[in-house]
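K.L.:
Coordinates in entry_19.txt, compact mmCIF, C-alpha atoms and all ligand atoms, are listed below.
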# COMPACT_ATOMS: atom_id res chain seq x y z
CA MET A 201 0.00 0.00 0.00
CA LEU A 202 1.45 3.37 -0.99
CA LEU A 203 -0.33 6.63 -0.06
CA GLY A 204 -3.59 4.73 0.27
CA HIS A 205 -3.31 2.88 -3.05
CA GLU A 206 -2.56 -0.73 -3.81
CA LYS A 207 -1.09 -2.16 -6.98
CA ILE A 208 -1.11 -5.43 -8.85
CA ASN A 209 2.47 -6.71 -8.86
CA PHE A 210 3.57 -7.99 -12.23
CA LEU A 211 7.08 -6.55 -12.58
CA HIS A 212 9.38 -8.85 -10.55
CA LEU A 213 11.11 -5.80 -9.07
CA PRO A 214 13.76 -4.48 -8.57
CA THR A 215 14.95 -3.85 -12.11
CA PRO A 216 18.75 -4.07 -12.45
CA LEU A 217 21.01 -1.11 -11.72
CA GLU A 218 24.19 -1.71 -13.74
CA ARG A 219 27.46 0.19 -14.07
CA LEU A 220 28.36 1.21 -17.60
CA ASP A 221 32.12 0.57 -17.35
CA ASN A 222 33.12 1.53 -20.88
CA ILE A 223 31.25 4.83 -21.01
CA SER A 224 32.25 5.65 -17.42
CA ASP A 225 35.92 5.30 -18.41
CA ASP A 226 35.39 7.30 -21.54
CA LEU A 227 33.59 10.22 -19.90
CA ASP A 228 35.36 10.10 -16.55
CA ILE A 229 32.11 9.85 -14.62
CA ASN A 230 30.65 6.96 -12.63
CA LEU A 231 27.69 6.09 -14.83
CA TYR A 232 24.98 3.57 -13.95
CA ILE A 233 21.88 2.62 -15.88
CA LYS A 234 18.53 1.69 -14.36
CA ARG A 235 17.10 -1.01 -16.60
CA ASP A 236 13.40 -0.20 -16.57
CA ASP A 237 13.47 -1.29 -20.20
CA LEU A 238 13.91 -4.86 -18.92
CA THR A 239 10.41 -5.05 -17.50
CA PRO A 240 8.25 -7.93 -18.72
CA LEU A 241 5.27 -7.75 -21.12
CA ALA A 242 5.40 -6.66 -24.77
CA ALA A 243 9.01 -5.40 -24.86
CA GLY A 244 8.86 -3.52 -21.52
CA GLY A 245 9.28 0.10 -20.53
CA ASN A 246 8.50 2.71 -17.89
CA LYS A 247 4.73 2.73 -18.29
CA LEU A 248 4.41 -0.68 -16.68
CA ARG A 249 5.25 0.70 -13.22
CA LYS A 250 2.41 3.20 -13.57
CA LEU A 251 0.12 0.50 -14.91
CA GLU A 252 0.58 -1.67 -11.81
CA TYR A 253 -1.41 0.98 -9.92
CA LEU A 254 -3.76 1.91 -12.75
CA LEU A 255 -4.73 -1.71 -13.36
CA LYS A 256 -5.66 -2.14 -9.70
CA ASP A 257 -7.87 0.95 -9.87
CA ALA A 258 -9.45 -0.24 -13.15
CA ARG A 259 -10.22 -3.66 -11.68
CA ASP A 260 -11.67 -2.13 -8.52
CA LYS A 261 -13.98 -0.10 -10.75
CA GLY A 262 -15.11 -3.20 -12.67
CA ALA A 263 -13.50 -2.20 -15.99
CA THR A 264 -13.59 -4.59 -18.93
CA LEU A 265 -11.56 -2.38 -21.30
CA LEU A 266 -8.54 -0.07 -20.86
CA LEU A 267 -8.63 2.90 -23.23
CA THR A 268 -5.73 5.29 -23.60
CA VAL A 269 -4.39 7.99 -25.92
CA GLY A 270 -1.10 9.02 -27.52
CA GLY A 271 0.60 9.31 -30.90
CA ALA A 272 0.28 6.50 -33.44
CA GLN A 273 3.56 5.06 -32.14
CA THR A 274 2.79 5.41 -28.45
CA ASN A 275 4.88 3.15 -26.18
CA HIS A 276 2.45 3.84 -23.39
CA GLY A 277 -0.41 2.64 -25.60
CA ARG A 278 1.43 -0.57 -26.43
CA LEU A 279 2.05 -1.31 -22.76
CA THR A 280 -1.53 -0.46 -21.77
CA LEU A 281 -2.72 -3.02 -24.31
CA ALA A 282 -0.19 -5.53 -22.96
CA VAL A 283 -1.46 -5.18 -19.40
CA ALA A 284 -5.06 -5.37 -20.57
CA ARG A 285 -4.38 -8.61 -22.45
CA LYS A 286 -2.39 -10.18 -19.62
CA TYR A 287 -5.23 -9.52 -17.19
CA GLY A 288 -8.08 -10.66 -19.44
CA LEU A 289 -9.33 -7.21 -20.45
CA LYS A 290 -9.76 -5.55 -23.80
CA GLY A 291 -7.49 -2.65 -24.71
CA ALA A 292 -7.69 0.21 -27.20
CA ILE A 293 -5.75 3.32 -28.22
CA VAL A 294 -7.01 6.60 -29.68
CA ALA A 295 -4.38 8.63 -31.55
CA VAL A 296 -4.77 11.90 -33.43
CA ASP A 297 -2.20 11.14 -36.05
CA GLU A 298 -1.64 10.17 -39.66
CA TYR A 299 -1.34 6.49 -40.48
CA PRO A 300 2.46 6.12 -40.75
CA GLY A 301 2.22 4.27 -44.06
CA GLU A 302 3.02 0.82 -42.73
CA LEU A 303 2.24 -1.42 -39.80
CA SER A 304 5.55 -1.38 -37.94
CA ALA A 305 7.18 -0.58 -34.57
CA ASN A 306 4.60 -0.16 -31.77
CA LEU A 307 1.65 -0.37 -34.18
CA LEU A 308 2.78 -3.81 -35.26
CA LEU A 309 2.95 -5.00 -31.65
CA ASP A 310 -0.49 -3.47 -30.96
CA GLY A 311 -1.84 -5.47 -33.87
CA MET A 312 -0.15 -8.65 -32.65
CA MET A 313 -1.96 -8.26 -29.34
CA GLY A 314 -5.23 -7.98 -31.25
CA CYS A 315 -6.27 -4.59 -29.90
CA ASP A 316 -7.98 -1.69 -31.66
CA VAL A 317 -6.01 1.45 -32.56
CA TRP A 318 -8.29 4.34 -33.62
CA LEU A 319 -6.37 6.84 -35.75
CA LYS A 320 -8.02 10.22 -36.21
CA LYS A 321 -6.51 12.24 -39.02
CA PRO A 322 -5.66 15.84 -38.02
CA ASP A 323 -8.05 18.11 -39.97
CA GLY A 324 -6.15 21.39 -39.79
CA VAL A 325 -9.24 23.06 -38.29
CA HIS A 326 -9.65 21.63 -34.80
CA SER A 327 -6.80 21.40 -32.29
CA GLU A 328 -5.28 18.03 -31.50
CA GLY A 329 -6.81 18.24 -28.02
CA GLN A 330 -10.29 18.87 -29.43
CA LEU A 331 -10.05 16.00 -31.89
CA MET A 332 -8.71 13.70 -29.19
CA LYS A 333 -11.54 14.53 -26.79
CA GLN A 334 -14.17 14.08 -29.47
CA THR A 335 -12.72 10.78 -30.72
CA VAL A 336 -12.30 9.37 -27.20
CA ALA A 337 -15.99 10.20 -26.54
CA GLU A 338 -17.11 8.54 -29.78
CA VAL A 339 -15.01 5.42 -29.28
CA THR A 340 -16.06 5.12 -25.63
CA ALA A 341 -19.74 5.38 -26.59
CA ARG A 342 -19.22 2.69 -29.19
CA TYR A 343 -17.65 0.26 -26.71
CA GLU A 344 -20.25 1.04 -24.06
CA ALA A 345 -23.00 0.25 -26.55
CA GLU A 346 -21.34 -3.17 -26.88
CA GLY A 347 -21.56 -3.62 -23.11
CA GLU A 348 -17.95 -2.78 -22.19
CA LYS A 349 -17.01 -0.86 -19.04
CA VAL A 350 -14.29 1.51 -20.22
CA TYR A 351 -11.46 2.69 -17.92
CA TYR A 352 -9.80 5.77 -19.38
CA ILE A 353 -6.06 6.27 -18.84
CA PRO A 354 -4.68 9.71 -19.82
CA MET A 355 -1.62 10.34 -22.00
CA GLY A 356 1.42 8.50 -20.68
CA GLY A 357 -0.49 7.15 -17.67
CA SER A 358 0.72 10.38 -16.06
CA ASN A 359 -2.05 11.07 -13.59
CA GLU A 360 -1.85 11.00 -9.79
CA ILE A 361 -2.33 7.24 -9.43
CA GLY A 362 0.15 6.49 -12.24
CA SER A 363 2.84 8.61 -10.60
CA LEU A 364 2.99 6.13 -7.69
CA GLY A 365 4.85 3.71 -9.95
CA TYR A 366 7.89 6.01 -10.02
CA TYR A 367 7.54 6.82 -6.33
CA ASP A 368 8.24 3.07 -5.89
CA CYS A 369 11.18 3.36 -8.26
CA ALA A 370 12.75 6.18 -6.23
CA VAL A 371 12.59 4.04 -3.10
CA GLU A 372 14.03 1.10 -5.05
CA LEU A 373 16.91 3.25 -6.36
CA ALA A 374 17.74 4.54 -2.89
CA ALA A 375 17.99 0.96 -1.61
CA GLN A 376 20.16 -0.12 -4.56
CA THR A 377 22.55 2.85 -4.31
CA SER A 378 22.88 2.33 -0.57
CA GLU A 379 23.74 -1.33 -1.13
CA LEU A 380 26.39 -0.31 -3.67
CA GLY A 381 27.77 2.34 -1.31
CA LEU A 382 27.05 5.09 -3.86
CA LYS A 383 26.63 8.55 -2.37
CA ASN A 384 25.40 11.83 -3.89
CA CYS A 385 23.80 10.20 -6.92
CA ARG A 386 22.22 12.21 -9.69
CA VAL A 387 19.32 10.42 -11.39
CA VAL A 388 18.77 11.57 -14.98
CA THR A 389 15.39 10.89 -16.52
CA THR A 390 13.53 11.70 -19.69
CA VAL A 391 10.61 14.10 -19.29
CA GLY A 392 7.66 13.54 -21.63
CA SER A 393 4.16 13.58 -20.17
CA MET A 394 6.03 13.93 -16.85
CA GLY A 395 4.63 11.06 -14.78
CA THR A 396 8.04 9.41 -14.45
CA TYR A 397 9.69 12.64 -13.32
CA THR A 398 6.84 13.61 -10.98
CA GLY A 399 6.69 10.16 -9.40
CA LEU A 400 10.45 10.09 -8.81
CA LEU A 401 10.36 13.61 -7.38
CA LEU A 402 7.46 12.77 -5.09
CA GLY A 403 9.24 9.67 -3.80
CA ILE A 404 12.56 11.46 -3.33
CA THR A 405 11.09 14.45 -1.49
CA ASN A 406 8.42 12.69 0.56
CA GLU A 407 10.80 9.93 1.69
CA LYS A 408 13.77 12.34 1.99
CA LEU A 409 15.91 10.07 -0.17
CA PRO A 410 19.55 11.06 -0.83
CA LEU A 411 19.09 11.36 -4.61
CA HIS A 412 19.27 14.39 -6.88
CA LEU A 413 16.86 14.34 -9.84
CA THR A 414 17.60 15.90 -13.24
CA GLY A 415 14.82 15.88 -15.84
CA ILE A 416 15.65 16.30 -19.54
CA SER A 417 12.66 17.20 -21.68
CA ILE A 418 12.27 15.59 -25.09
CA MET A 419 9.83 18.19 -26.37
CA PRO A 420 8.92 21.83 -25.85
CA HIS A 421 6.44 22.43 -23.01
CA LYS A 422 3.82 25.16 -23.36
CA GLY A 423 4.42 27.87 -20.75
CA GLY A 424 7.84 26.45 -19.89
CA LEU A 425 8.95 23.13 -18.47
CA ARG A 426 9.67 24.32 -14.91
CA THR A 427 6.20 25.85 -14.54
CA ALA A 428 4.55 22.73 -15.97
CA ALA A 429 6.62 20.44 -13.72
CA LYS A 430 5.78 22.44 -10.61
CA GLU A 431 2.07 22.48 -11.49
CA GLN A 432 2.00 18.73 -11.98
CA PHE A 433 3.95 18.12 -8.76
CA ASP A 434 1.57 20.34 -6.76
CA LYS A 435 -1.46 18.62 -8.27
CA VAL A 436 -0.14 15.21 -7.25
CA CYS A 437 0.72 16.49 -3.74
CA ASP A 438 -2.84 17.83 -3.35
CA TYR A 439 -4.34 14.52 -4.44
CA PHE A 440 -2.39 12.55 -1.86
CA GLY A 441 -2.87 15.10 0.94
CA LEU A 442 0.81 16.11 0.93
CA GLU A 443 0.20 19.88 0.81
CA ALA A 444 3.23 20.65 3.00
CA LEU A 445 5.56 19.18 0.36
CA LYS A 446 4.52 21.85 -2.11
CA ALA A 447 6.29 24.56 -0.14
CA ASP A 448 9.32 22.32 0.51
CA VAL A 449 9.81 21.93 -3.25
CA PRO A 450 9.65 25.40 -4.88
CA ALA A 451 9.74 25.71 -8.66
CA ASP A 452 13.29 27.06 -8.70
CA ALA A 453 14.50 23.94 -6.86
CA LEU A 454 13.45 21.74 -9.79
CA ASP A 455 16.41 20.65 -11.88
CA VAL A 456 14.75 20.32 -15.29
CA THR A 457 16.03 21.39 -18.67
CA GLU A 458 14.51 22.02 -22.07
CA GLU A 459 17.87 22.67 -23.62
CA TYR A 460 18.05 19.32 -25.38
CA GLU A 461 14.50 18.96 -26.73
CA ARG A 462 15.78 19.57 -30.29
CA GLY A 463 12.70 21.35 -31.54
CA ALA A 464 9.91 18.82 -31.51
CA TYR A 465 8.54 15.57 -30.17
CA ASN A 466 9.88 12.41 -31.84
CA ASN A 467 11.73 14.22 -34.62
CA PRO A 468 14.63 12.43 -36.31
CA CYS A 469 17.93 14.01 -35.10
CA LYS A 470 21.47 13.15 -36.05
CA GLU A 471 22.87 13.99 -32.57
CA VAL A 472 20.32 11.68 -30.97
CA ARG A 473 21.19 8.82 -33.30
CA GLU A 474 24.91 9.43 -32.64
CA ALA A 475 24.21 9.07 -28.91
CA MET A 476 22.27 5.86 -29.57
CA TYR A 477 25.12 4.41 -31.66
CA TYR A 478 27.60 5.37 -28.92
CA MET A 479 25.57 3.50 -26.27
CA ALA A 480 25.11 0.50 -28.58
CA GLU A 481 28.80 0.35 -29.57
CA LYS A 482 30.16 0.83 -26.05
CA GLU A 483 27.64 -1.03 -23.90
CA ALA A 484 25.43 -3.08 -26.25
CA ILE A 485 22.34 -1.31 -24.89
CA ILE A 486 19.76 -0.09 -27.36
CA LEU A 487 18.09 3.28 -26.77
CA ASP A 488 15.16 4.72 -28.70
CA PRO A 489 15.08 7.82 -30.90
CA CYS A 490 12.10 9.56 -29.28
CA TYR A 491 12.87 9.41 -25.55
CA THR A 492 15.96 7.69 -24.16
CA GLY A 493 18.25 8.53 -27.09
CA LYS A 494 17.32 12.21 -26.85
CA CYS A 495 17.77 12.21 -23.08
CA PHE A 496 21.13 10.45 -23.31
CA ALA A 497 22.29 12.91 -26.00
CA GLY A 498 21.46 15.66 -23.49
CA LEU A 499 23.37 13.88 -20.73
CA LEU A 500 26.43 13.65 -22.98
CA GLU A 501 26.27 17.39 -23.68
CA MET A 502 25.93 18.13 -19.98
CA VAL A 503 29.12 16.16 -19.35
CA LYS A 504 30.88 17.97 -22.19
CA LYS A 505 29.87 21.37 -20.78
CA GLY A 506 30.90 20.40 -17.23
CA GLU A 507 27.31 20.61 -15.94
CA ILE A 508 27.81 17.02 -14.87
CA ALA A 509 31.15 16.99 -13.04
CA ARG A 510 34.07 14.63 -13.49
CA GLY A 511 33.76 11.65 -11.14
CA GLU A 512 30.08 12.32 -10.47
CA ASN A 513 27.78 9.36 -9.66
CA VAL A 514 25.10 9.42 -12.35
CA ILE A 515 22.17 7.06 -12.90
CA PHE A 516 20.62 7.16 -16.35
CA MET A 517 17.03 5.88 -16.40
CA HIS A 518 16.45 3.51 -19.32
CA THR A 519 12.72 3.89 -19.70
CA GLY A 520 12.35 1.58 -22.74
CA GLY A 521 10.93 2.49 -26.13
CA MET A 522 13.05 0.21 -28.32
CA PRO A 523 10.21 -0.63 -30.78
CA GLY A 524 10.51 3.04 -31.87
CA ILE A 525 13.67 2.33 -33.88
CA ASN A 526 11.39 0.68 -36.43
CA THR A 527 9.23 3.76 -36.94
CA PRO A 528 9.69 4.34 -40.69
CA PHE A 529 11.11 7.90 -40.49
CA HIS A 530 13.68 6.86 -37.88
CA ARG A 531 14.51 3.50 -39.42
CA ILE A 532 15.28 5.06 -42.83
CA GLU A 533 17.91 7.33 -41.25
CA ILE A 534 19.47 4.50 -39.24
CA GLU A 535 19.61 2.31 -42.36
CA ARG A 536 21.24 5.11 -44.34
CA GLU A 537 23.89 5.71 -41.69
CA ARG A 538 24.61 2.12 -40.74
CA ASP A 539 24.36 0.10 -43.95
CA LYS A 540 28.12 0.63 -44.30
CA PHE A 541 28.48 -2.28 -41.89
CA ILE A 542 26.75 -4.73 -44.21
CA HIS A 543 29.16 -6.64 -46.44
CA ILE A 544 27.71 -8.96 -49.02
CA VAL A 545 30.39 -11.52 -49.84
C1 LIG A 601 10.35 5.02 -23.64
C2 LIG A 601 9.82 6.17 -22.89
N1 LIG A 601 10.65 6.87 -22.11
C3 LIG A 601 10.25 7.96 -21.42
C4 LIG A 601 8.96 8.39 -21.51
C5 LIG A 601 8.57 9.63 -20.76
O1 LIG A 601 7.88 9.30 -19.60
P1 LIG A 601 6.79 10.31 -19.05
O2 LIG A 601 5.72 10.40 -20.09
O3 LIG A 601 6.34 9.67 -17.80
O4 LIG A 601 7.46 11.61 -18.85
C6 LIG A 601 8.03 7.69 -22.31
C7 LIG A 601 6.65 8.17 -22.44
O5 LIG A 601 5.89 7.72 -23.26
C8 LIG A 601 8.48 6.55 -23.01
O6 LIG A 601 7.66 5.85 -23.80
Please render this file's structure as C-alpha cells.
Ligand SMILES: Cc1ncc(COP(=O)(O)O)c(C=O)c1O
P.N.:
Amino acid sequence: MLLGHEKINFLHLPTPLERLDNISDDLDINLYIKRDDLTPLAAGGNKLRKLEYLLKDARDKGATLLLTVGGAQTNHGRLTLAVARKYGLKGAIVAVDEYPGELSANLLLDGMMGCDVWLKKPDGVHSEGQLMKQTVAEVTARYEAEGEKVYYIPMGGSNEIGSLGYYDCAVELAAQTSELGLKNCRVVTTVGSMGTYTGLLLGITNEKLPLHLTGISIMPHKGGLRTAAKEQFDKVCDYFGLEALKADVPADALDVTEEYERGAYNNPCKEVREAMYYMAEKEAIILDPCYTGKCFAGLLEMVKKGEIARGENVIFMHTGGMPGINTPFHRIEIERERDKFIHIV
C-alpha cells in the first residue's frame, strides 16, 4: 500500500542497476543505468510501473476495457494493451495522427496483441486536443454500446495514481545505491508527459531520499517546463494530501532542462542517433530515438559542458521504447547511416 493505493504486482522488481564501465571510463564519470526497459510484457518500458497501480484501480472499478491515448507510435499505448491482455481485459488506443504508411514498430505490436487502434486524421481546423476529446468520446460510446465498461487512462499514464509507480522506483533506487555504497547520486530521466519525473520527485522528497533528480525534456512544453513540472507536482501532492511538500519543493529547486529537446517531439535528429550508436557500440544497450536517445544525448552534452562533473555518480534511467527504432522515419535514417556495416560476400 502506498499513499492509500494498492497495486497489482507484475514486474518482478527491482529492475537491475548496472554500471556502464566503458562509457564511465570514456567520460570520466561513474555512470549507472537503471534497466526499466527490462520489464516484462510486450518489450517492456517505464509505463508498466504506472500501470501496476492503474490496473488495480481499473479492476476495482469493474472495468472490462482499458482505453488510452497518444501518438500512433505510443509506447504507453502498447504497454496499456499488454497489461489489458495479460489480465483478461480488452485494450484500445485513440491517436490523433496520420497512419504512418506501414504497420511497424509499436503499431505492429499493438496489432499482434489484437487490440484496436483508432487513428483520427488531423483536420487542420480543430486542435489536436479537441479532436482527441471528441474521438475518445465517440469510441467510448461505441464500446459502451457493446456492453464494455471503459477505464480511461490519460496520455502516458501520467495522472496521480500512475505517478505512484515512479515513487516506488525512487525508493528502489535509494535501496540499490545504498547497497552499492554510492553517495550523492544524480538520477537523470527523460521528461515527456512527466509522470516518471513527478513520481520520482514525489518519492525522493516525501521519503527524503539522498538522490538528486535531473529531468531532460524531449519536447517543448507550453508555458515552460519548470512551470509545468511544478504544477504537476503540486497537483499530485494535493491529491495525496501532501500539501506541505509543495512549499518544501519550490519551482526554482526543480532541476529540469529544455535545452536538449531539439525542436519537436519524436523528430529524427542526427545527434540523438549518434548518442544511440555510442551507447550500442560501447555497452550493447539499445536506446530509442524519441525518448531515451534524446535524453542520453542531453546527458552527454551536460558532461561535455561540465554541468555534470568529473567523477560524479550518475544514474541514467532507461525507460524503454526500443520498438521506436522501427518507426519508418527513424529506421530510414538509421539504415542510411549504418548500412556501411553490411558486407555482401
Ligand atoms: C520510452 C519512454 N521513455 C520515457 C517516456 C517519458 O515518460 P513520461 O511520459 O512519464 O514523462 C516515455 C513516455 O511515453 C516513453 O515511452
K.L.:
Could you work out an axis-aligned bounding box for all listed atoms of stretch 425-444 of chain A, with 3 Å added on each of the six sides, and give its centre and edge lengths in Å to one decimal, as AutoDock Vina command-line options?
P.N.:
--center_x 2.7 --center_y 19.2 --center_z -7.7 --size_x 20.0 --size_y 19.3 --size_z 27.5
K.L.:
Quote the spacing between atom CA of A:Leu217 and atom CA of A:Asp488 in Å to one decimal place.
P.N.:
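Atom CA of A:Asp488 lies 18.9 Å from atom CA of A:Leu217.
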K.L.:
Tell me, counting only C-alpha atoms and all ligand atoms, for each residue of chain A within 6 Å of ligand LIG 601 (chain A), which pair of atoms is nearest and how far apart they are in Å to one decimal, in rows ordered by chain and increasing number, as CSV.
P.N.:
residue,atom,partner,partner_atom,distance
A:Gly245,CA,A:LIG601,C1,5.9
A:Asn275,CA,A:LIG601,O6,4.5
A:His276,CA,A:LIG601,O5,5.2
A:Gly356,CA,A:LIG601,O2,4.7
A:Ser358,CA,A:LIG601,O3,5.9
A:Thr390,CA,A:LIG601,C3,5.3
A:Val391,CA,A:LIG601,O4,4.0
A:Gly392,CA,A:LIG601,O4,3.4
A:Ser393,CA,A:LIG601,O2,3.5
A:Met394,CA,A:LIG601,O4,3.4
A:Gly395,CA,A:LIG601,O3,3.7
A:Thr396,CA,A:LIG601,O3,3.8
A:Tyr491,CA,A:LIG601,N1,4.8
A:Thr492,CA,A:LIG601,N1,5.8
A:Thr519,CA,A:LIG601,N1,4.4
A:Gly520,CA,A:LIG601,C1,4.1
A:Gly521,CA,A:LIG601,C1,3.6
K.L.:
Please provide the set of residues having any atom within 8 Å of A:Gly357, restricted to all atoms listed in the file, with same-chain residues fewer than 3 positions apart removed, written as a PDB file with C-alpha atoms, in the coordinates of the input.
P.N.:
ATOM      1  CA  LYS A 247       4.730   2.730 -18.290  1.00  0.00           C
ATOM      2  CA  LYS A 250       2.410   3.200 -13.570  1.00  0.00           C
ATOM      3  CA  LEU A 251       0.120   0.500 -14.910  1.00  0.00           C
ATOM      4  CA  LEU A 254      -3.760   1.910 -12.750  1.00  0.00           C
ATOM      5  CA  HIS A 276       2.450   3.840 -23.390  1.00  0.00           C
ATOM      6  CA  ILE A 353      -6.060   6.270 -18.840  1.00  0.00           C
ATOM      7  CA  PRO A 354      -4.680   9.710 -19.820  1.00  0.00           C
ATOM      8  CA  GLY A 362       0.150   6.490 -12.240  1.00  0.00           C
ATOM      9  CA  SER A 363       2.840   8.610 -10.600  1.00  0.00           C
ATOM     10  CA  GLY A 395       4.630  11.060 -14.780  1.00  0.00           C
TER      11      GLY A 395
END
K.L.:
I'd like the contact shell of A:Ala370 - 9 Å cut-off, only C-alpha atoms, skipping same-chain residues fewer than 4 positions apart - returned as a PyMOL selection string.
P.N.:
chain A and resi 366+374-375+399-404+407+409+411
K.L.:
Which residue out of A:Glu471, A:Asp438, A:Asp225, A:Asp455 has the minimum interatomic distance to A:Thr389 when all atoms listed in the file are used?
P.N.:
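Using all atoms listed in the file, A:Thr389 sits closest to A:Asp455.
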K.L.:
Of the candidates A:Leu487, A:Val296, A:Ala444, A:Leu373, which one gets nearest to A:Cys385 if we count all atoms listed in the file?
P.N.:
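Of A:Leu487, A:Val296, A:Ala444, A:Leu373, the one nearest A:Cys385 is A:Leu373, counting all atoms listed in the file.
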